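Peer 1: Below you'll find structure-v1.txt; it's compact mmCIF, C-alpha atoms.
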```
# COMPACT_ATOMS: atom_id res chain seq x y z
CA ASP A 29 -38.53 36.61 15.59
CA GLN A 30 -39.23 33.79 13.16
CA GLN A 31 -36.17 31.59 12.82
CA VAL A 32 -37.72 29.23 10.26
CA LYS A 33 -39.69 30.79 7.43
CA GLN A 34 -41.90 29.27 4.79
CA ASN A 35 -42.79 32.24 2.64
CA SER A 36 -45.34 30.51 0.43
CA PRO A 37 -48.55 29.81 2.31
CA SER A 38 -49.84 27.70 -0.56
CA LEU A 39 -48.76 25.92 -3.74
CA SER A 40 -50.82 24.25 -6.44
CA VAL A 41 -49.39 21.74 -8.95
CA GLN A 42 -50.68 19.26 -11.49
CA GLU A 43 -50.52 15.54 -10.81
CA GLY A 44 -47.31 14.04 -12.18
CA ARG A 45 -45.36 17.31 -12.07
CA ILE A 46 -42.73 18.35 -9.56
CA SER A 47 -43.67 20.10 -6.32
CA ILE A 48 -40.98 22.32 -4.79
CA LEU A 49 -41.52 23.60 -1.27
CA ASN A 50 -39.08 26.14 0.11
CA CYS A 51 -37.85 27.02 3.57
CA ASP A 52 -35.39 29.63 4.87
CA TYR A 53 -33.79 29.86 8.28
CA THR A 54 -31.86 32.51 10.16
CA ASN A 55 -30.18 30.63 13.02
CA SER A 56 -26.77 29.40 11.87
CA MET A 57 -26.68 27.05 14.88
CA PHE A 58 -29.31 24.79 13.33
CA ASP A 59 -27.70 21.50 12.37
CA TYR A 60 -30.63 19.25 11.54
CA PHE A 61 -33.62 19.90 9.31
CA LEU A 62 -36.84 18.00 8.81
CA TRP A 63 -40.02 18.07 6.77
CA TYR A 64 -43.39 17.04 8.16
CA LYS A 65 -46.69 16.52 6.38
CA LYS A 66 -50.02 17.25 8.04
CA TYR A 67 -53.52 16.26 6.99
CA PRO A 68 -56.54 17.99 8.57
CA ALA A 69 -57.46 16.71 12.05
CA GLU A 70 -54.29 14.61 12.24
CA GLY A 71 -50.93 15.18 13.85
CA PRO A 72 -47.93 15.93 11.62
CA THR A 73 -46.09 12.91 10.23
CA PHE A 74 -42.37 12.83 9.64
CA LEU A 75 -41.34 12.78 5.98
CA ILE A 76 -37.62 13.25 5.53
CA SER A 77 -34.66 14.87 7.24
CA ILE A 78 -31.17 16.11 6.48
CA SER A 79 -28.11 16.78 8.57
CA SER A 80 -26.09 19.94 8.03
CA ILE A 81 -23.12 17.83 6.92
CA LYS A 82 -25.05 16.84 3.80
CA ASP A 83 -26.56 18.82 0.97
CA LYS A 84 -29.04 16.26 -0.34
CA ASN A 85 -31.11 13.38 0.98
CA GLU A 86 -33.50 11.21 -1.02
CA ASP A 87 -36.31 8.92 0.04
CA GLY A 88 -38.41 7.61 -2.83
CA ARG A 89 -40.31 10.48 -4.43
CA PHE A 90 -39.06 12.94 -1.81
CA THR A 91 -35.72 14.76 -1.93
CA VAL A 92 -34.53 17.45 0.45
CA PHE A 93 -31.80 19.88 -0.60
CA LEU A 94 -29.83 22.00 1.85
CA ASN A 95 -27.88 25.13 0.91
CA LYS A 96 -26.09 26.15 4.10
CA SER A 97 -24.51 29.28 2.67
CA ALA A 98 -27.93 30.58 1.69
CA LYS A 99 -29.61 29.15 4.81
CA HIS A 100 -32.17 27.58 2.53
CA LEU A 101 -33.67 24.17 2.12
CA SER A 102 -36.22 22.77 -0.25
CA LEU A 103 -38.38 19.68 -0.55
CA HIS A 104 -38.93 18.21 -4.00
CA ILE A 105 -41.74 15.77 -4.64
CA VAL A 106 -41.56 13.95 -7.97
CA PRO A 107 -43.97 12.92 -9.35
CA SER A 108 -46.64 14.69 -7.33
CA GLN A 109 -49.78 12.73 -6.51
CA PRO A 110 -53.21 13.92 -5.31
CA GLY A 111 -52.58 12.11 -2.00
CA ASP A 112 -49.66 14.45 -1.40
CA SER A 113 -52.13 17.30 -0.87
CA ALA A 114 -51.49 18.43 2.70
CA VAL A 115 -49.75 21.12 4.75
CA TYR A 116 -45.97 20.72 4.75
CA PHE A 117 -43.93 22.03 7.66
CA CYS A 118 -40.23 22.69 7.64
CA ALA A 119 -38.49 22.29 11.01
CA ALA A 120 -34.99 22.78 12.36
CA SER A 121 -33.06 21.82 15.46
CA TRP A 122 -29.71 22.12 17.21
CA GLY A 123 -28.35 20.77 20.39
CA SER A 124 -29.00 17.51 22.15
CA ASN A 125 -32.60 17.92 23.28
CA TYR A 126 -34.11 17.66 19.79
CA LYS A 127 -36.34 20.67 20.33
CA LEU A 128 -37.73 21.65 16.93
CA THR A 129 -38.48 25.11 15.55
CA PHE A 130 -41.19 24.98 12.89
CA GLY A 131 -42.16 27.19 10.00
CA LYS A 132 -45.78 28.20 9.47
CA GLY A 133 -46.36 25.60 6.78
CA THR A 134 -47.22 25.50 3.08
CA LEU A 135 -50.51 24.07 1.85
CA LEU A 136 -49.79 21.89 -1.18
CA THR A 137 -52.67 21.03 -3.49
CA VAL A 138 -52.03 18.46 -6.21
CA ASN A 139 -54.72 18.59 -8.86
CA PRO A 140 -55.68 15.41 -10.76
CA GLY B 12 -50.62 8.87 15.25
CA ALA B 13 -49.94 5.34 16.24
CA GLY B 14 -48.30 5.22 19.64
CA VAL B 15 -49.73 8.46 21.03
CA SER B 16 -53.28 8.97 22.25
CA GLN B 17 -54.51 12.45 23.16
CA SER B 18 -57.73 13.36 24.92
CA PRO B 19 -60.05 15.05 24.56
CA SER B 20 -59.89 15.55 20.79
CA ASN B 21 -61.91 18.74 21.12
CA LYS B 22 -62.50 21.00 24.09
CA VAL B 23 -64.59 24.15 24.28
CA THR B 24 -64.24 26.08 27.51
CA GLU B 25 -65.28 29.41 28.89
CA LYS B 26 -62.70 32.11 29.44
CA GLY B 27 -61.32 31.92 32.95
CA LYS B 28 -61.86 28.19 33.42
CA ASP B 29 -59.06 25.67 33.90
CA VAL B 30 -58.50 22.85 31.40
CA GLU B 31 -56.45 19.68 31.48
CA LEU B 32 -55.20 17.99 28.34
CA ARG B 33 -53.92 14.45 28.37
CA CYS B 34 -51.24 12.60 26.40
CA ASP B 35 -51.05 8.85 26.75
CA PRO B 36 -48.13 7.12 25.02
CA ILE B 37 -49.17 3.64 23.98
CA SER B 38 -45.59 2.41 24.06
CA GLY B 39 -42.81 3.60 26.32
CA HIS B 40 -40.68 6.52 25.18
CA THR B 41 -38.32 8.46 27.33
CA ALA B 42 -38.74 11.77 25.50
CA LEU B 43 -42.14 13.51 25.34
CA TYR B 44 -42.91 16.96 23.98
CA TRP B 45 -45.87 19.33 23.95
CA TYR B 46 -46.33 21.73 21.04
CA ARG B 47 -49.22 23.96 20.07
CA GLN B 48 -50.39 25.32 16.74
CA SER B 49 -52.37 28.52 16.79
CA LEU B 50 -54.40 29.53 13.74
CA GLY B 51 -52.11 30.45 10.85
CA GLN B 52 -48.98 29.71 12.83
CA GLY B 53 -46.37 27.00 12.88
CA LEU B 54 -45.95 24.55 15.71
CA GLU B 55 -44.68 26.25 18.85
CA PHE B 56 -42.61 24.31 21.40
CA LEU B 57 -44.05 24.31 24.92
CA ILE B 58 -42.28 21.75 27.13
CA TYR B 59 -40.03 18.70 26.93
CA PHE B 60 -39.70 15.71 29.28
CA GLN B 61 -36.69 13.40 29.11
CA GLY B 62 -36.58 10.49 31.51
CA ASN B 63 -36.00 11.58 35.09
CA SER B 64 -34.33 14.85 34.13
CA ALA B 65 -35.92 18.18 34.99
CA PRO B 66 -38.29 19.17 32.15
CA ASP B 67 -37.38 21.93 29.72
CA LYS B 68 -40.20 24.42 30.33
CA SER B 69 -38.68 27.21 28.27
CA GLY B 70 -41.58 27.31 25.78
CA LEU B 71 -44.45 27.71 28.23
CA PRO B 72 -46.01 31.10 27.39
CA SER B 73 -47.04 32.06 30.92
CA ASP B 74 -47.27 30.76 34.47
CA ARG B 75 -50.86 29.75 33.75
CA PHE B 76 -49.41 26.80 31.85
CA SER B 77 -48.00 23.75 33.60
CA ALA B 78 -47.34 20.14 32.68
CA GLU B 79 -46.37 16.97 34.39
CA ARG B 80 -45.45 13.48 33.39
CA THR B 81 -46.28 10.74 35.85
CA GLY B 82 -44.34 7.51 36.00
CA GLY B 83 -42.50 8.36 32.79
CA SER B 84 -45.65 7.69 30.78
CA VAL B 85 -48.87 9.74 30.80
CA SER B 86 -48.50 13.50 30.59
CA THR B 87 -51.02 16.21 31.35
CA LEU B 88 -50.88 19.84 30.25
CA THR B 89 -52.89 22.17 32.46
CA ILE B 90 -53.96 25.67 31.52
CA GLN B 91 -55.36 27.78 34.34
CA ARG B 92 -57.68 30.75 33.88
CA THR B 93 -57.87 30.20 30.13
CA GLN B 94 -57.78 33.17 27.78
CA GLN B 95 -58.99 33.43 24.20
CA GLU B 96 -55.41 33.54 22.93
CA ASP B 97 -54.94 30.04 24.37
CA SER B 98 -57.20 28.70 21.60
CA ALA B 99 -55.05 26.35 19.52
CA VAL B 100 -54.38 22.72 18.70
CA TYR B 101 -52.20 21.21 21.41
CA LEU B 102 -50.01 18.37 20.16
CA CYS B 103 -48.09 15.77 22.09
CA ALA B 104 -45.09 14.13 20.45
CA LEU B 105 -42.72 11.31 21.26
CA LYS B 106 -39.20 10.91 20.03
CA GLY B 107 -39.75 8.37 17.27
CA ASP B 108 -37.85 5.52 15.74
CA ARG B 109 -37.27 7.05 12.30
CA GLY B 110 -33.93 8.52 13.18
CA ALA B 111 -33.22 10.63 16.21
CA TYR B 112 -35.58 13.41 15.19
CA GLY B 113 -38.52 11.48 13.74
CA TYR B 114 -41.15 12.59 16.22
CA THR B 115 -44.42 10.69 16.41
CA PHE B 116 -47.23 13.18 16.97
CA GLY B 117 -50.65 12.55 18.43
CA SER B 118 -53.73 13.87 16.65
CA GLY B 119 -53.93 16.77 19.06
CA THR B 120 -56.53 18.46 21.22
CA ARG B 121 -58.33 21.40 19.62
CA LEU B 122 -58.95 23.90 22.42
CA THR B 123 -61.43 26.71 21.89
CA VAL B 124 -61.80 29.36 24.58
CA VAL B 125 -65.04 31.33 24.27
```
Take the structure in the file and write it out as structure tokens.
Peer 2:
Amino acid sequence: DQQVKQNSPSLSVQEGRISILNCDYTNSMFDYFLWYKKYPAEGPTFLISISSIKDKNEDGRFTVFLNKSAKHLSLHIVPSQPGDSAVYFCAASWGSNYKLTFGKGTLLTVNP
Amino acid sequence: GAGVSQSPSNKVTEKGKDVELRCDPISGHTALYWYRQSLGQGLEFLIYFQGNSAPDKSGLPSDRFSAERTGGSVSTLTIQRTQQEDSAVYLCALKGDRGAYGYTFGSGTRLTVV
């Protein structure tokens, strides 16, 4: 029973273009959503988050959009850079113990 | 990541042996988590420590898995009688300072059971 789904295992974009990574969830109790980036042999690093009371959050080149009715969120990276090449994980949480449920990740490759 | 040291970075063990994985927070955090990532899978929650409260062990996959946190700092995850399906990267995380949910992850221990 996968509560957080990233249906695209991989995505390839050209440098300078927009990268859009998608995530769907099934548990309507989730009230906080996060994106993490992971390079090989390193732990995931926090990128950006959004509360369920919002539908958009921006941080520099990164924007997360939340569509609660569709139980869908997306991460936009504009402009994409080769250094953005990594695995991106979507995660969700509810309740006070901050336990996160992760998707399987999407490998983003940004080509120079 | 900065603030979390995990050891060993790699561990190869024979099926049936016990292993102990260590997480050493460099700075004090009250909340510490263990996750694991099996090949082709997302990160799977294992256990959560919060201060002096009883740990949330709801993610431990079997009674072969146990964890403790001594003195509110160092944590060890022990796997007894390892099986091949235990092969994964085991990650320790601390509740970070980038908002309530900005975990800081260690680099992980890659466990291979042969």
Peer 1: What are the centre and the three edge lengths of an axis-aligned box that wraps all atoms of region 114-133 of chain A in the file, given that 4 Å is added to every side, written as JSON and rounded to one decimal in Å?
Peer 2:
```
{"center_x": -39.9, "center_y": 22.9, "center_z": 13.0, "size_x": 31.1, "size_y": 18.7, "size_z": 28.6}
```
Peer 1: Quick one: which chain B residues come within 7 Å of chain A, and what is the nearest atom pair for each with the distance in Å to one decimal, counting all atoms listed in the file, rows ordered by chain and ascending number, as JSON lines?
Peer 2:
```
{"residue": "B:Gly12", "atom": "CA", "partner": "A:Gly71", "partner_atom": "CA", "distance": 6.5}
{"residue": "B:Gly51", "atom": "CA", "partner": "A:Lys132", "partner_atom": "CA", "distance": 6.9}
{"residue": "B:Gln52", "atom": "CA", "partner": "A:Lys132", "partner_atom": "CA", "distance": 4.9}
{"residue": "B:Gly53", "atom": "CA", "partner": "A:Lys132", "partner_atom": "CA", "distance": 3.7}
{"residue": "B:Leu54", "atom": "CA", "partner": "A:Phe130", "partner_atom": "CA", "distance": 5.5}
{"residue": "B:Tyr112", "atom": "CA", "partner": "A:Tyr126", "partner_atom": "CA", "distance": 6.4}
{"residue": "B:Gly113", "atom": "CA", "partner": "A:Phe74", "partner_atom": "CA", "distance": 5.8}
{"residue": "B:Tyr114", "atom": "CA", "partner": "A:Phe74", "partner_atom": "CA", "distance": 6.7}
{"residue": "B:Thr115", "atom": "CA", "partner": "A:Thr73", "partner_atom": "CA", "distance": 6.8}
{"residue": "B:Phe116", "atom": "CA", "partner": "A:Gly71", "partner_atom": "CA", "distance": 5.2}
{"residue": "B:Gly117", "atom": "CA", "partner": "A:Gly71", "partner_atom": "CA", "distance": 5.3}
{"residue": "B:Ser118", "atom": "CA", "partner": "A:Gly71", "partner_atom": "CA", "distance": 4.2}
{"residue": "B:Gly119", "atom": "CA", "partner": "A:Gly71", "partner_atom": "CA", "distance": 6.2}
```
Peer 1: Identify which of the residues B:Ser64, B:Thr120, B:Ser86, B:Asn21 lies closest to Leu105 (chain B), counting all atoms listed in the file when measuring atom-to-atom distances.
Peer 2: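 Among B:Ser64, B:Thr120, B:Ser86, B:Asn21, it is B:Ser86 that comes nearest to Leu105 (chain B).
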Peer 1: State, in Å with one decimal place, the distance from CA of Gly83 (chain B) to CA of Gln61 (chain B).
Peer 2: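 Atom-to-atom, CA of Gly83 (chain B) and CA of Gln61 (chain B) are spaced 8.5 Å apart.
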Peer 1: Report the distance between CA of Ala104 (chain B) and CA of Ser73 (chain B) in Å, rounded to one decimal place.
Peer 2: 20.9 Å
Peer 1: Please measure the separation of CA of Gln109 (chain A) and CA of Glu86 (chain A), giving the value in Å to one decimal.
Peer 2: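 Taking CA of Gln109 (chain A) as the start and CA of Glu86 (chain A) as the end point, the length is 17.2 Å.
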Peer 1: List the spatial neighbours of Asn63 (chain B) as number ranges by chain - criterion: any atom at most 12 Å away, all atoms listed in the file, same-chain residues fewer than 5 positions off excluded.
Peer 2: B: 41-43, 79-84
